[in-house]
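Participant: Just input.txt, nothing more (compact mmCIF, C-alpha atoms):
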# COMPACT_ATOMS: atom_id res chain seq x y z
CA MET B 1 14.13 -25.28 -12.93
CA LEU B 2 13.23 -25.38 -9.24
CA ARG B 3 16.10 -23.06 -8.47
CA ARG B 4 14.80 -20.68 -11.11
CA VAL B 5 11.29 -20.66 -9.65
CA LEU B 6 12.66 -20.10 -6.15
CA THR B 7 14.80 -17.21 -7.39
CA VAL B 8 11.78 -15.54 -8.98
CA ALA B 9 9.71 -16.07 -5.81
CA VAL B 10 12.42 -14.62 -3.58
CA VAL B 11 12.89 -11.60 -5.85
CA ILE B 12 9.15 -10.85 -6.00
CA ILE B 13 8.58 -11.21 -2.25
CA THR B 14 11.66 -9.14 -1.45
CA ALA B 15 10.52 -6.40 -3.82
CA LEU B 16 7.07 -6.30 -2.22
CA LEU B 17 8.53 -6.28 1.28
CA LEU B 18 10.90 -3.42 0.48
CA GLN B 19 8.15 -1.46 -1.23
CA SER B 20 5.73 -1.78 1.68
CA THR B 21 8.28 -1.07 4.40
CA ILE B 22 11.45 0.92 3.84
CA PHE B 23 10.54 2.50 0.49
CA ALA B 24 7.16 3.52 1.90
CA GLN B 25 9.14 5.88 4.14
CA ILE B 26 11.71 7.02 1.57
CA LYS B 27 9.46 8.74 -0.93
CA LEU B 28 10.39 11.01 -3.80
CA LEU B 29 8.10 14.06 -3.42
CA GLY B 30 5.41 11.85 -1.92
CA VAL B 31 5.75 9.00 -4.42
CA ARG B 32 7.27 5.59 -3.75
CA PRO B 33 9.05 3.46 -6.37
CA GLU B 34 7.31 0.55 -8.09
CA LEU B 35 9.87 -2.16 -7.55
CA LEU B 36 7.91 -4.88 -9.35
CA TYR B 37 7.87 -2.77 -12.50
CA LEU B 38 11.63 -2.40 -12.15
CA VAL B 39 12.12 -6.14 -11.58
CA THR B 40 9.87 -7.10 -14.51
CA ILE B 41 11.65 -4.74 -16.92
CA VAL B 42 15.13 -5.81 -15.83
CA ILE B 43 14.27 -9.50 -16.19
CA ALA B 44 12.71 -8.85 -19.59
CA ILE B 45 15.96 -7.15 -20.64
CA LEU B 46 18.10 -10.00 -19.31
CA GLU B 47 15.98 -13.02 -20.19
CA GLY B 48 13.66 -11.99 -23.02
CA PRO B 49 9.93 -11.50 -23.57
CA GLN B 50 8.65 -14.88 -22.36
CA GLU B 51 10.44 -14.79 -19.02
CA GLY B 52 9.57 -11.09 -18.64
CA ALA B 53 5.88 -11.83 -19.15
CA ILE B 54 5.88 -14.76 -16.71
CA VAL B 55 7.69 -12.85 -13.96
CA GLY B 56 5.48 -9.81 -14.60
CA PHE B 57 2.35 -11.92 -14.29
CA ALA B 58 3.50 -13.64 -11.08
CA GLY B 59 4.68 -10.42 -9.46
CA GLY B 60 1.65 -8.46 -10.58
CA MET B 61 -0.75 -11.07 -9.26
CA MET B 62 1.08 -11.11 -5.91
CA GLN B 63 0.87 -7.33 -5.66
CA ASP B 64 -2.80 -7.39 -6.62
CA PHE B 65 -3.55 -9.74 -3.75
CA LEU B 66 -2.13 -7.16 -1.33
CA LEU B 67 -4.37 -4.39 -2.66
CA ASN B 68 -7.99 -3.67 -1.80
CA GLN B 69 -9.19 -3.38 -5.37
CA PRO B 70 -10.04 -5.82 -8.16
CA LYS B 71 -7.28 -8.35 -8.61
CA GLY B 72 -5.56 -8.77 -11.95
CA ILE B 73 -4.96 -5.19 -13.09
CA THR B 74 -1.31 -5.13 -12.06
CA ALA B 75 -0.84 -8.67 -13.39
CA LEU B 76 -2.21 -7.66 -16.78
CA THR B 77 -0.06 -4.52 -16.83
CA LEU B 78 3.17 -6.28 -15.90
CA THR B 79 2.56 -9.22 -18.24
CA LEU B 80 2.24 -6.87 -21.21
CA LEU B 81 5.09 -4.70 -19.97
CA GLY B 82 7.48 -7.64 -19.54
CA TYR B 83 6.64 -8.97 -22.97
CA ALA B 84 6.89 -5.57 -24.67
CA ILE B 85 10.25 -4.68 -23.10
CA GLY B 86 11.63 -8.15 -23.89
CA MET B 87 10.59 -7.79 -27.52
CA ALA B 88 11.90 -4.24 -27.78
CA ARG B 89 15.25 -5.28 -26.31
CA GLN B 90 15.79 -7.70 -29.20
CA TYR B 91 15.71 -4.82 -31.67
CA ILE B 92 17.84 -2.37 -29.69
CA VAL B 93 21.56 -2.73 -30.30
CA SER B 94 23.40 -0.40 -27.98
CA PRO B 95 26.51 -0.95 -25.88
CA SER B 96 25.53 1.92 -23.59
CA PRO B 97 25.49 0.96 -19.90
CA LEU B 98 22.68 3.46 -19.49
CA LEU B 99 20.33 1.43 -21.67
CA PRO B 100 18.73 -0.51 -18.77
CA THR B 101 18.20 2.74 -16.86
CA PHE B 102 16.56 4.31 -19.89
CA LEU B 103 14.35 1.28 -20.52
CA VAL B 104 13.31 1.07 -16.87
CA GLY B 105 12.37 4.76 -16.85
CA VAL B 106 10.37 4.64 -20.07
CA GLY B 107 8.86 1.22 -19.32
CA THR B 108 7.76 2.26 -15.82
CA ALA B 109 6.10 5.42 -17.14
CA ALA B 110 4.27 3.46 -19.84
CA GLY B 111 3.28 0.71 -17.40
CA ILE B 112 1.92 3.06 -14.74
CA ALA B 113 0.00 5.01 -17.39
CA PHE B 114 -1.54 1.77 -18.68
CA TYR B 115 -2.43 0.71 -15.12
CA GLU B 116 -4.09 4.07 -14.45
CA ILE B 117 -6.14 3.86 -17.64
CA VAL B 118 -7.39 0.32 -16.90
CA ALA B 119 -8.14 1.18 -13.25
CA PHE B 120 -9.96 4.32 -14.36
CA LEU B 121 -12.06 2.40 -16.89
CA LEU B 122 -13.02 -0.05 -14.15
CA GLY B 123 -14.01 2.83 -11.87
CA GLN B 124 -11.22 2.06 -9.42
CA LEU B 125 -9.16 5.23 -9.85
CA ASP B 126 -10.43 8.49 -8.44
CA GLU B 127 -7.25 10.53 -8.67
CA PRO B 128 -7.05 13.96 -10.32
CA LEU B 129 -5.11 14.12 -13.59
CA GLY B 130 -2.31 16.14 -11.98
CA TYR B 131 -1.64 13.48 -9.37
CA SER B 132 -1.77 10.69 -11.96
CA VAL B 133 0.81 12.45 -14.14
CA LYS B 134 2.96 13.18 -11.09
CA VAL B 135 2.97 9.49 -10.15
CA ILE B 136 3.90 8.46 -13.71
CA LEU B 137 6.83 10.86 -13.91
CA LEU B 138 8.21 10.51 -10.39
CA THR B 139 7.88 6.71 -10.30
CA ALA B 140 9.71 6.50 -13.62
CA ILE B 141 12.50 8.74 -12.31
CA TYR B 142 12.69 6.87 -8.98
CA ASN B 143 12.85 3.47 -10.68
CA ALA B 144 15.47 4.72 -13.14
CA VAL B 145 17.61 6.02 -10.26
CA LEU B 146 17.37 2.65 -8.51
CA THR B 147 18.27 0.66 -11.62
CA PRO B 148 22.07 0.92 -11.26
CA ILE B 149 21.67 -0.63 -7.80
CA PHE B 150 19.21 -3.41 -8.62
CA TYR B 151 20.29 -4.31 -12.17
CA PRO B 152 23.66 -5.89 -11.24
CA LEU B 153 22.06 -7.75 -8.32
CA LEU B 154 19.27 -9.19 -10.45
CA ARG B 155 21.67 -10.08 -13.27
CA ARG B 156 23.89 -11.99 -10.88
CA MET B 157 20.93 -13.79 -9.31
CA PHE B 158 19.37 -14.81 -12.61
CA GLU B 159 22.63 -15.81 -14.26
CA GLY B 160 23.38 -17.95 -11.24
CA SER B 161 19.99 -19.66 -11.45
CA ARG B 162 20.25 -20.62 -15.13
CA PRO B 163 20.35 -24.37 -15.76
CA GLN B 164 23.94 -25.48 -16.24
CA ARG B 165 24.76 -27.40 -19.39
CA VAL B 166 26.22 -30.77 -18.50
CA VAL B 167 28.58 -32.34 -21.04
CA ARG B 168 28.90 -36.12 -20.79
CA PHE B 169 31.68 -38.06 -22.45
CA MET U 1 1.74 -14.44 -23.28
CA VAL U 2 -1.80 -14.78 -24.61
CA VAL U 3 -2.56 -17.30 -21.88
CA LEU U 4 -1.26 -15.00 -19.13
CA VAL U 5 -3.19 -12.00 -20.47
CA SER U 6 -6.33 -14.13 -20.69
CA ILE U 7 -5.90 -15.30 -17.10
CA SER U 8 -5.39 -11.70 -15.96
CA LEU U 9 -8.55 -10.58 -17.73
CA ALA U 10 -10.49 -13.51 -16.28
CA VAL U 11 -9.24 -12.68 -12.78
CA ILE U 12 -10.21 -9.00 -13.17
CA THR U 13 -13.70 -10.00 -14.32
CA LEU U 14 -14.20 -12.63 -11.62
CA ASP U 15 -12.98 -10.42 -8.81
CA TYR U 16 -14.94 -7.43 -10.06
CA ARG U 17 -18.15 -9.47 -10.04
CA GLN U 18 -17.59 -11.35 -6.79
CA GLY U 19 -16.13 -8.51 -4.71
CA GLN U 20 -15.02 -9.42 -1.20
CA SER U 21 -16.98 -12.67 -1.05
CA GLY U 22 -15.30 -14.69 -3.81
CA PRO U 23 -12.46 -17.19 -3.71
CA LEU U 24 -10.01 -14.59 -5.04
CA ALA U 25 -10.67 -12.39 -2.01
CA GLY U 26 -9.89 -15.44 0.12
CA LEU U 27 -6.60 -15.88 -1.73
CA GLY U 28 -5.87 -12.22 -1.08
CA ARG U 29 -6.42 -12.70 2.65
CA THR U 30 -4.09 -15.71 2.56
CA ALA U 31 -1.40 -13.71 0.76
CA ARG U 32 -1.71 -10.85 3.25
CA ALA U 33 -1.59 -13.27 6.17
CA GLY U 34 1.61 -14.76 4.75
CA MET U 35 3.23 -11.39 4.15
CA ALA U 36 2.36 -9.83 7.53
CA PRO U 37 5.04 -11.61 9.63
CA LEU U 38 7.68 -10.87 6.99
CA GLN U 39 6.65 -7.21 6.85
CA GLU U 40 6.76 -7.01 10.64
CA ALA U 41 10.28 -8.42 10.68
CA VAL U 42 11.53 -6.13 7.92
CA THR U 43 9.91 -3.07 9.52
CA THR U 44 11.53 -3.84 12.87
CA VAL U 45 14.94 -3.92 11.20
CA THR U 46 14.53 -1.07 8.72
CA ARG U 47 12.42 1.48 10.63
CA PRO U 48 15.49 3.35 12.00
CA ILE U 49 16.89 3.59 8.46
CA GLY U 50 13.61 4.89 7.13
CA ASN U 51 13.32 7.39 9.97
CA PHE U 52 16.85 8.62 9.24
CA PHE U 53 16.08 9.35 5.59
CA SER U 54 12.67 10.74 6.50
CA GLY U 55 14.40 13.06 9.00
CA LEU U 56 16.85 14.23 6.34
CA ALA U 57 13.99 15.09 4.04
CA HIS U 58 12.36 17.19 6.75
CA LEU U 59 15.59 18.84 7.99
CA PRO U 60 14.94 22.35 6.58
CA SER U 61 11.62 22.61 8.38
CA LEU U 62 12.83 21.22 11.73
CA ALA U 63 13.85 24.59 13.24
CA ASP U 64 10.45 26.12 12.52
CA GLU U 65 8.78 22.94 13.69
CA ASN U 66 10.73 23.07 16.96
CA GLN U 67 9.63 26.63 17.69
CA ARG U 68 6.04 25.84 16.82
CA LEU U 69 6.08 22.81 19.12
CA LYS U 70 7.45 24.91 21.99
CA ASP U 71 4.60 27.38 21.53
CA ASP U 72 2.10 24.53 21.34
CA LEU U 73 3.52 22.99 24.52
CA ALA U 74 3.14 26.24 26.43
CA ALA U 75 -0.44 26.58 25.27
CA SER U 76 -1.17 22.96 26.09
CA LYS U 77 0.19 23.32 29.63
CA ALA U 78 -2.18 26.18 30.28
CA GLN U 79 -5.06 24.29 28.78
CA ASN U 80 -4.31 21.13 30.77
CA GLU U 81 -5.09 22.95 34.01
CA THR U 82 -8.74 23.06 33.11
CA THR U 83 -8.93 19.92 31.01
CA ALA U 84 -8.83 17.44 33.90
CA PHE U 85 -11.82 19.06 35.57
CA VAL U 86 -13.77 19.30 32.32
CA GLN U 87 -12.93 15.72 31.43
CA GLN U 88 -14.28 14.46 34.75
CA GLN U 89 -17.50 16.36 34.21
CA TYR U 90 -17.70 15.04 30.69
CA LYS U 91 -17.23 11.44 31.83
CA ASP U 92 -19.85 11.79 34.53
CA LEU U 93 -22.33 13.04 31.98
CA LEU U 94 -21.53 10.23 29.59
CA ASP U 95 -22.03 7.66 32.32
CA LEU U 96 -25.27 9.31 33.19
CA LEU U 97 -26.54 9.10 29.66
CA GLY U 98 -25.37 5.53 29.21
CA LEU U 99 -23.40 6.46 26.12
CA GLN U 100 -20.01 5.32 27.26
CA GLN U 101 -20.10 2.25 25.06
CA SER U 102 -20.38 4.28 21.89
CA LEU U 103 -18.13 7.16 22.88
CA ASP U 104 -15.45 5.41 24.85
CA PRO U 105 -15.27 1.86 23.46
CA LYS U 106 -12.73 -0.78 24.35
CA ALA U 107 -9.55 -0.31 22.36
CA VAL U 108 -7.02 -2.83 21.08
CA PRO U 109 -3.47 -1.48 20.77
CA ALA U 110 -1.60 -2.41 17.60
CA VAL U 111 1.68 -1.69 15.86
CA VAL U 112 1.93 -0.49 12.26
CA ILE U 113 4.00 -3.12 10.46
CA ALA U 114 3.76 -2.01 6.83
CA ASN U 115 2.34 0.49 4.39
CA GLY U 116 0.29 -0.21 1.30
CA VAL U 117 2.20 -1.21 -1.82
CA SER U 118 0.47 1.18 -4.21
CA ASN U 119 0.75 4.89 -4.91
CA PHE U 120 -3.03 4.94 -5.33
CA GLU U 121 -4.07 3.50 -1.96
CA TRP U 122 -3.38 5.06 1.41
CA THR U 123 -3.37 2.08 3.76
CA VAL U 124 -1.26 0.59 6.51
CA THR U 125 -1.09 -2.93 7.89
CA ILE U 126 -1.26 -3.50 11.66
CA ASP U 127 -0.16 -6.52 13.66
CA LYS U 128 -3.58 -7.38 15.15
CA GLY U 129 -6.38 -9.17 13.36
CA SER U 130 -9.57 -11.15 13.77
CA ALA U 131 -7.99 -13.31 16.49
CA ASP U 132 -7.77 -10.16 18.62
CA GLY U 133 -11.40 -9.24 18.05
CA ILE U 134 -10.79 -6.82 15.19
CA THR U 135 -13.29 -6.74 12.34
CA ALA U 136 -13.87 -4.59 9.29
CA ASN U 137 -15.36 -1.09 9.80
CA MET U 138 -13.78 -0.54 13.20
CA PRO U 139 -12.31 2.97 13.63
CA VAL U 140 -8.58 3.27 14.21
CA VAL U 141 -7.10 6.06 16.29
CA ALA U 142 -3.74 7.21 17.58
CA GLY U 143 -2.95 8.75 20.95
CA THR U 144 -4.99 7.39 23.82
CA ALA U 145 -8.53 6.18 24.23
CA LEU U 146 -9.30 9.37 26.17
CA SER U 147 -7.97 11.78 23.55
CA PRO U 148 -8.12 9.83 20.31
CA LEU U 149 -6.93 11.24 17.00
CA LEU U 150 -8.62 9.60 14.04
CA VAL U 151 -6.34 7.55 11.78
CA GLY U 152 -8.77 5.66 9.56
CA ILE U 153 -10.82 2.51 9.46
CA VAL U 154 -10.23 -1.23 9.22
CA VAL U 155 -11.08 -2.45 5.71
CA ALA U 156 -9.79 -6.04 5.74
CA THR U 157 -8.58 -8.52 8.31
CA THR U 158 -6.64 -11.75 8.49
CA GLU U 159 -6.24 -13.77 11.65
CA HIS U 160 -3.20 -11.83 12.86
CA SER U 161 -3.15 -8.65 10.79
CA ALA U 162 -5.51 -6.03 9.45
CA ASP U 163 -5.46 -3.42 6.68
CA VAL U 164 -6.39 0.09 7.75
CA GLN U 165 -7.60 2.63 5.21
CA LEU U 166 -6.10 5.98 6.23
CA MET U 167 -8.32 9.04 6.10
CA LEU U 168 -5.98 10.36 3.38
CA ASP U 169 -7.40 7.79 0.95
CA ARG U 170 -9.67 9.33 -1.66
CA SER U 171 -12.42 6.80 -1.03
CA TRP U 172 -12.53 7.66 2.70
CA SER U 173 -15.19 9.97 4.07
CA ALA U 174 -16.86 10.75 7.39
CA ALA U 175 -19.38 13.14 8.85
CA ALA U 176 -17.65 15.87 10.83
CA VAL U 177 -18.27 18.99 12.85
CA LEU U 178 -16.22 22.14 13.36
CA GLY U 179 -15.25 22.47 17.03
CA SER U 180 -16.10 26.14 17.65
CA SER U 181 -18.70 27.09 15.06
CA ARG U 182 -20.47 23.71 15.47
CA GLU U 183 -21.01 23.58 11.71
CA ALA U 184 -21.44 20.03 10.39
CA GLY U 185 -20.24 18.71 7.05
CA GLU U 186 -18.52 15.83 5.35
CA VAL U 187 -14.75 15.28 5.29
CA ARG U 188 -13.07 13.38 2.44
CA GLY U 189 -9.54 12.17 1.84
CA GLN U 190 -7.47 13.94 -0.82
CA GLY U 191 -4.38 11.78 -1.07
CA ASP U 192 -1.27 13.49 0.27
CA ALA U 193 -3.04 16.86 0.34
CA ASP U 194 -5.12 18.11 3.28
CA LEU U 195 -8.58 16.62 3.76
CA ARG U 196 -11.52 18.50 2.25
CA MET U 197 -14.64 19.31 4.29
CA SER U 198 -17.73 20.03 2.22
CA LEU U 199 -21.37 20.94 2.93
CA VAL U 200 -20.33 23.82 5.18
CA THR U 201 -22.96 26.55 5.25
CA PRO U 202 -21.75 29.67 3.40
CA GLY U 203 -20.97 32.57 5.70
CA THR U 204 -19.95 30.37 8.61
CA GLU U 205 -17.33 32.13 10.72
CA ILE U 206 -14.40 29.75 10.84
CA THR U 207 -11.42 30.54 13.02
CA GLY U 208 -7.92 29.55 11.97
CA ASN U 209 -6.77 26.17 13.31
CA GLU U 210 -10.33 25.34 14.36
CA ALA U 211 -10.54 21.69 15.38
CA VAL U 212 -12.66 19.25 13.38
CA PHE U 213 -14.25 16.21 15.05
CA THR U 214 -16.12 13.16 13.83
CA LEU U 215 -19.89 12.86 14.01
CA ALA U 216 -21.69 9.54 14.20
CA TYR U 217 -23.88 10.51 11.25
CA GLN U 218 -24.25 8.68 7.98
CA ALA U 219 -21.93 10.04 5.25
CA SER U 220 -21.97 9.41 1.49
CA GLY U 221 -24.66 6.78 1.92
CA ARG U 222 -22.57 4.78 4.38
CA PRO U 223 -23.65 4.26 7.97
CA GLY U 224 -21.95 6.33 10.64
CA LEU U 225 -18.90 4.27 11.51
CA TYR U 226 -17.16 6.67 13.87
CA PRO U 227 -18.09 7.66 17.41
CA THR U 228 -18.70 11.36 17.86
CA GLY U 229 -15.74 13.34 19.12
CA LEU U 230 -12.67 11.80 17.50
CA LEU U 231 -10.29 14.60 16.48
CA ILE U 232 -9.75 14.61 12.70
CA GLY U 233 -7.52 17.67 12.45
CA GLN U 234 -7.41 21.44 12.28
CA VAL U 235 -8.70 23.81 9.63
CA SER U 236 -5.82 24.86 7.40
CA ARG U 237 -7.74 27.15 5.05
CA THR U 238 -11.16 27.92 3.66
CA VAL U 239 -11.64 27.28 -0.04
CA PRO U 240 -13.67 29.73 -2.11
CA SER U 241 -16.75 28.09 -3.54
CA ASP U 242 -18.38 28.61 -6.94
CA ASN U 243 -21.86 28.12 -5.56
CA SER U 244 -23.91 29.62 -2.76
CA ILE U 245 -25.05 26.25 -1.41
CA GLU U 246 -21.93 25.13 0.39
CA GLU U 247 -18.41 26.15 1.34
CA PHE U 248 -15.30 24.03 1.49
CA VAL U 249 -12.70 23.86 4.22
CA ASP U 250 -9.31 22.16 4.08
CA VAL U 251 -8.41 20.18 7.18
CA ARG U 252 -4.87 19.22 8.14
CA PRO U 253 -4.90 15.77 9.79
CA ALA U 254 -3.96 15.75 13.47
CA VAL U 255 -2.00 12.54 12.98
CA ASP U 256 1.45 12.55 11.36
CA PHE U 257 1.10 9.53 9.10
CA ALA U 258 4.79 9.56 8.14
CA THR U 259 5.78 8.62 11.68
CA LEU U 260 2.75 6.59 12.69
CA GLN U 261 3.82 3.52 14.69
CA PHE U 262 1.21 2.73 17.34
CA VAL U 263 -2.55 2.82 16.96
CA LEU U 264 -5.69 1.82 18.84
CA VAL U 265 -8.54 -0.05 17.19
CA LEU U 266 -11.84 0.96 18.75
CA GLN U 267 -14.09 -2.04 19.13
CA THR U 268 -17.27 -0.19 18.35
CA SER U 269 -20.59 -1.84 17.69
CA THR U 270 -20.40 -0.59 14.08
CA GLY U 271 -17.65 -3.06 13.27
CA ASN U 272 -18.80 -6.16 11.46
CA GLU U 273 -17.38 -9.47 10.38
CA ALA U 274 -14.59 -9.20 7.85
CA PRO U 275 -15.82 -10.09 4.38
Can you turn what I pasted into structure tokens?

Facilitator:
Amino acid sequence: MLRRVLTVAVVIITALLLQSTIFAQIKLLGVRPELLYLVTIVIAILEGPQEGAIVGFAGGMMQDFLLNQPKGITALTLTLLGYAIGMARQYIVSPSPLLPTFLVGVGTAAGIAFYEIVAFLLGQLDEPLGYSVKVILLTAIYNAVLTPIFYPLLRRMFEGSRPQRVVRF
Amino acid sequence: MVVLVSISLAVITLDYRQGQSGPLAGLGRTARAGMAPLQEAVTTVTRPIGNFFSGLAHLPSLADENQRLKDDLAASKAQNETTAFVQQQYKDLLDLLGLQQSLDPKAVPAVVIANGVSNFEWTVTIDKGSADGITANMPVVAGTALSPLLVGIVVATTEHSADVQLMLDRSWSAAAVLGSSREAGEVRGQGDADLRMSLVTPGTEITGNEAVFTLAYQASGRPGLYPTGLLIGQVSRTVPSDNSIEEFVDVRPAVDFATLQFVLVLQTSTGNEAP
């Protein structure tokens, strides 16, 4: 259990560090990826809705604390996103290796759109519609492109951190 | 799931009501303080990689940029001949008027160690904080203290780091004046696009590339936080207006935020304690 918690903490902090440093310089038409959305969706695919929601909440809250706007919006978004993707994954039967990429793209777009709506309703988003749509589309594409790189890494990390069943004779 | 959503909603409500004075804001400062050394370490290692990819992205425009810079250099050399004399006169006058404190304040050098994590906030994190005398609402510039280019303003501090809101941010604004026509107005951030200067009197003759400087006036109901004379940028175009009350002018920032590494925090008297 402790190993599991540590793995989640390391993944979240690493994602935030990469997003605020190297990926802040490697933008796609002015937009950076949302690595915590990617991480939440991938973990929801691998581990199911409950784990997806927990990791989404923890990562979202951590990201919120680094922003200068009301805390909790990203946490709410990622909690719902992790749960929704985890639930959806249970009903999708596809052997396609592109499934995670597709889910990350669609999930990121839906998540960012939800975030923008909540932030707008709270008076925290002052972006024109064109920019908001651009961020939704480009972030979804960027995250989808990064999925083939991050998905195997995260799968290996989380499979390695699962509690081992001990058989006693 | 229900529990986590409920906690998120409670946190949003609490933080929205308490603003920068509540316990959640304190947790935020703690989180930022914890992340700052890690971000500094990662930036030190990865900056060359980022610069490489950033350079690739700008490759097609480098030839034009090179020619433009050569032209600028030639013009600057000619201008420098007279600048030293004018600067000395300027400084003498400032001393005479006792305004040096507000126009030429003490500056703390700092290194940019990270960018903001959101696509909806234009901020950077620097490696100096309250322990170095930096407080919220202090202006941040690049270049030197004698020829400062405005970068933004400190919005939050921890002991050893500070968040700087760049003037690109849509919630940023400042009073400004056009260098040649002396027309005053208000400049606002527009995200990745050029800044937008409003309240310009219609019919004002604006020359291309006209410089835009800060004014120490109040803007958008906020007190004047910037000393007069910080260079914001150059006029990139005038925007046709639908009304006869004001004109708009787009201003290209003088600072290249993509390559921003070193900044100066001006310790003006307008800075206050971090919330």

Participant: At a cut-off of 12 Å, using all atoms listed in the file, what residues contact Ile117 of chain B? Leave out same-chain residues fewer than 3 positions from it and give the result as a list in words.

Facilitator: Ile73, Thr74, Thr77, Ala110, Gly111, Ile112, Ala113, Phe114, Phe120, Leu121, Leu122, Gly123, Gln124, Leu125, Asp126, Glu127, Leu129, Ser132, Val133 and Ile136 of chain B

Participant: Could you state the separation of atom CA of Pro49 of chain B and atom CA of Ala88 of chain B in Å, given to one decimal place?

Facilitator: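 That distance, rounded to one decimal, is 8.6 Å.
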
Participant: With a cut-off of 8 Å, could you pull out the residues of chain B touching chain U and give me the nearest pair of atoms for each, distance in Å to one decimal, using all atoms listed in the file, ordered by chain and ascending number, as a Markdown table?

Facilitator:
| residue | atom | partner | partner_atom | distance |
| --- | --- | --- | --- | --- |
| B:Leu16 | CA | U:Val117 | CA | 7.1 |
| B:Leu17 | CA | U:Gln39 | CA | 6.0 |
| B:Leu18 | CA | U:Val42 | CA | 7.9 |
| B:Gln19 | CA | U:Val117 | CA | 6.0 |
| B:Ser20 | CA | U:Asn115 | CA | 4.9 |
| B:Thr21 | CA | U:Ala114 | CA | 5.2 |
| B:Ile22 | CA | U:Gly50 | CA | 5.6 |
| B:Phe23 | CA | U:Gly50 | CA | 7.7 |
| B:Ala24 | CA | U:Asn115 | CA | 6.2 |
| B:Gln25 | CA | U:Gly50 | CA | 5.5 |
| B:Ile26 | CA | U:Gly50 | CA | 6.2 |
| B:Gly30 | CA | U:Asp192 | CA | 7.2 |
| B:Val31 | CA | U:Asn119 | CA | 6.5 |
| B:Arg32 | CA | U:Asn119 | CA | 6.7 |
| B:Glu34 | CA | U:Ser118 | CA | 7.9 |
| B:Gln50 | CA | U:Met1 | CA | 7.0 |
| B:Ala53 | CA | U:Met1 | CA | 6.4 |
| B:Ile54 | CA | U:Leu4 | CA | 7.5 |
| B:Phe57 | CA | U:Leu4 | CA | 6.8 |
| B:Met62 | CA | U:Ala31 | CA | 7.6 |
| B:Gln63 | CA | U:Val117 | CA | 7.3 |
| B:Asp64 | CA | U:Gly28 | CA | 8.0 |
| B:Phe65 | CA | U:Gly28 | CA | 4.3 |
| B:Leu66 | CA | U:Arg32 | CA | 5.9 |
| B:Leu67 | CA | U:Val117 | CA | 7.3 |
| B:Pro70 | CA | U:Tyr16 | CA | 5.5 |
| B:Lys71 | CA | U:Ile12 | CA | 5.5 |
| B:Gly72 | CA | U:Ile12 | CA | 4.8 |
| B:Ile73 | CA | U:Ile12 | CA | 6.5 |
| B:Ala75 | CA | U:Ser8 | CA | 6.0 |
| B:Leu76 | CA | U:Ser8 | CA | 5.2 |
| B:Thr79 | CA | U:Val5 | CA | 6.8 |
| B:Leu80 | CA | U:Val5 | CA | 7.5 |
| B:Tyr83 | CA | U:Met1 | CA | 7.4 |
| B:Leu125 | CA | U:Phe120 | CA | 7.6 |
| B:Asp126 | CA | U:Arg170 | CA | 6.9 |
| B:Glu127 | CA | U:Arg170 | CA | 7.5 |
| B:Val135 | CA | U:Asn119 | CA | 7.3 |

Participant: Suppose you want the space between atom CA of Val265 of chain U and atom CA of Lys106 of chain U; what is it in Å?

Facilitator: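 Separating atom CA of Val265 of chain U from atom CA of Lys106 of chain U is a distance of 8.3 Å.
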
Participant: Just want the 10 Å neighbourhood of segment 141-149 of chain B, counted on only C-alpha atoms, with same-chain residues fewer than 4 positions away dropped. Output as a list in words.

Facilitator: Lys27, Leu28, Val31, Arg32, Pro33, Glu34, Leu35, Leu36, Tyr37, Leu38, Val39, Val42, Pro97, Leu98, Pro100, Thr101, Phe102, Leu103, Val104, Gly105, Val106, Gly107, Thr108, Ala109, Val135, Ile136, Leu137, Leu153 and Leu154 of chain B

Participant: Here is a test: counting only C-alpha atoms, which residue of B:Gly82, B:Glu47, B:Gly59, B:Ile41 is nearest to Ile13 of chain B?

Facilitator: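 Using only C-alpha atoms, the shortest distance to Ile13 of chain B belongs to B:Gly59.
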
Participant: List the neighbours of Ile134 of chain U out to 12 Å using all atoms listed in the file; skip same-chain residues closer than 4 positions along the sequence, and give me the result as a compact mmCIF listing (two decimals) with C-alpha atoms, in the coordinates of the input.

Facilitator:
# COMPACT_ATOMS: atom_id res chain seq x y z
CA LYS U 106 -12.73 -0.78 24.35
CA ALA U 107 -9.55 -0.31 22.36
CA VAL U 108 -7.02 -2.83 21.08
CA PRO U 109 -3.47 -1.48 20.77
CA ALA U 110 -1.60 -2.41 17.60
CA ILE U 126 -1.26 -3.50 11.66
CA ASP U 127 -0.16 -6.52 13.66
CA LYS U 128 -3.58 -7.38 15.15
CA GLY U 129 -6.38 -9.17 13.36
CA SER U 130 -9.57 -11.15 13.77
CA MET U 138 -13.78 -0.54 13.20
CA PRO U 139 -12.31 2.97 13.63
CA VAL U 140 -8.58 3.27 14.21
CA ILE U 153 -10.82 2.51 9.46
CA VAL U 154 -10.23 -1.23 9.22
CA VAL U 155 -11.08 -2.45 5.71
CA ALA U 156 -9.79 -6.04 5.74
CA THR U 157 -8.58 -8.52 8.31
CA THR U 158 -6.64 -11.75 8.49
CA GLU U 159 -6.24 -13.77 11.65
CA HIS U 160 -3.20 -11.83 12.86
CA SER U 161 -3.15 -8.65 10.79
CA ALA U 162 -5.51 -6.03 9.45
CA ASP U 163 -5.46 -3.42 6.68
CA VAL U 164 -6.39 0.09 7.75
CA LEU U 264 -5.69 1.82 18.84
CA VAL U 265 -8.54 -0.05 17.19
CA LEU U 266 -11.84 0.96 18.75
CA GLN U 267 -14.09 -2.04 19.13
CA THR U 268 -17.27 -0.19 18.35
CA SER U 269 -20.59 -1.84 17.69
CA THR U 270 -20.40 -0.59 14.08
CA GLY U 271 -17.65 -3.06 13.27
CA ASN U 272 -18.80 -6.16 11.46
CA GLU U 273 -17.38 -9.47 10.38
CA ALA U 274 -14.59 -9.20 7.85
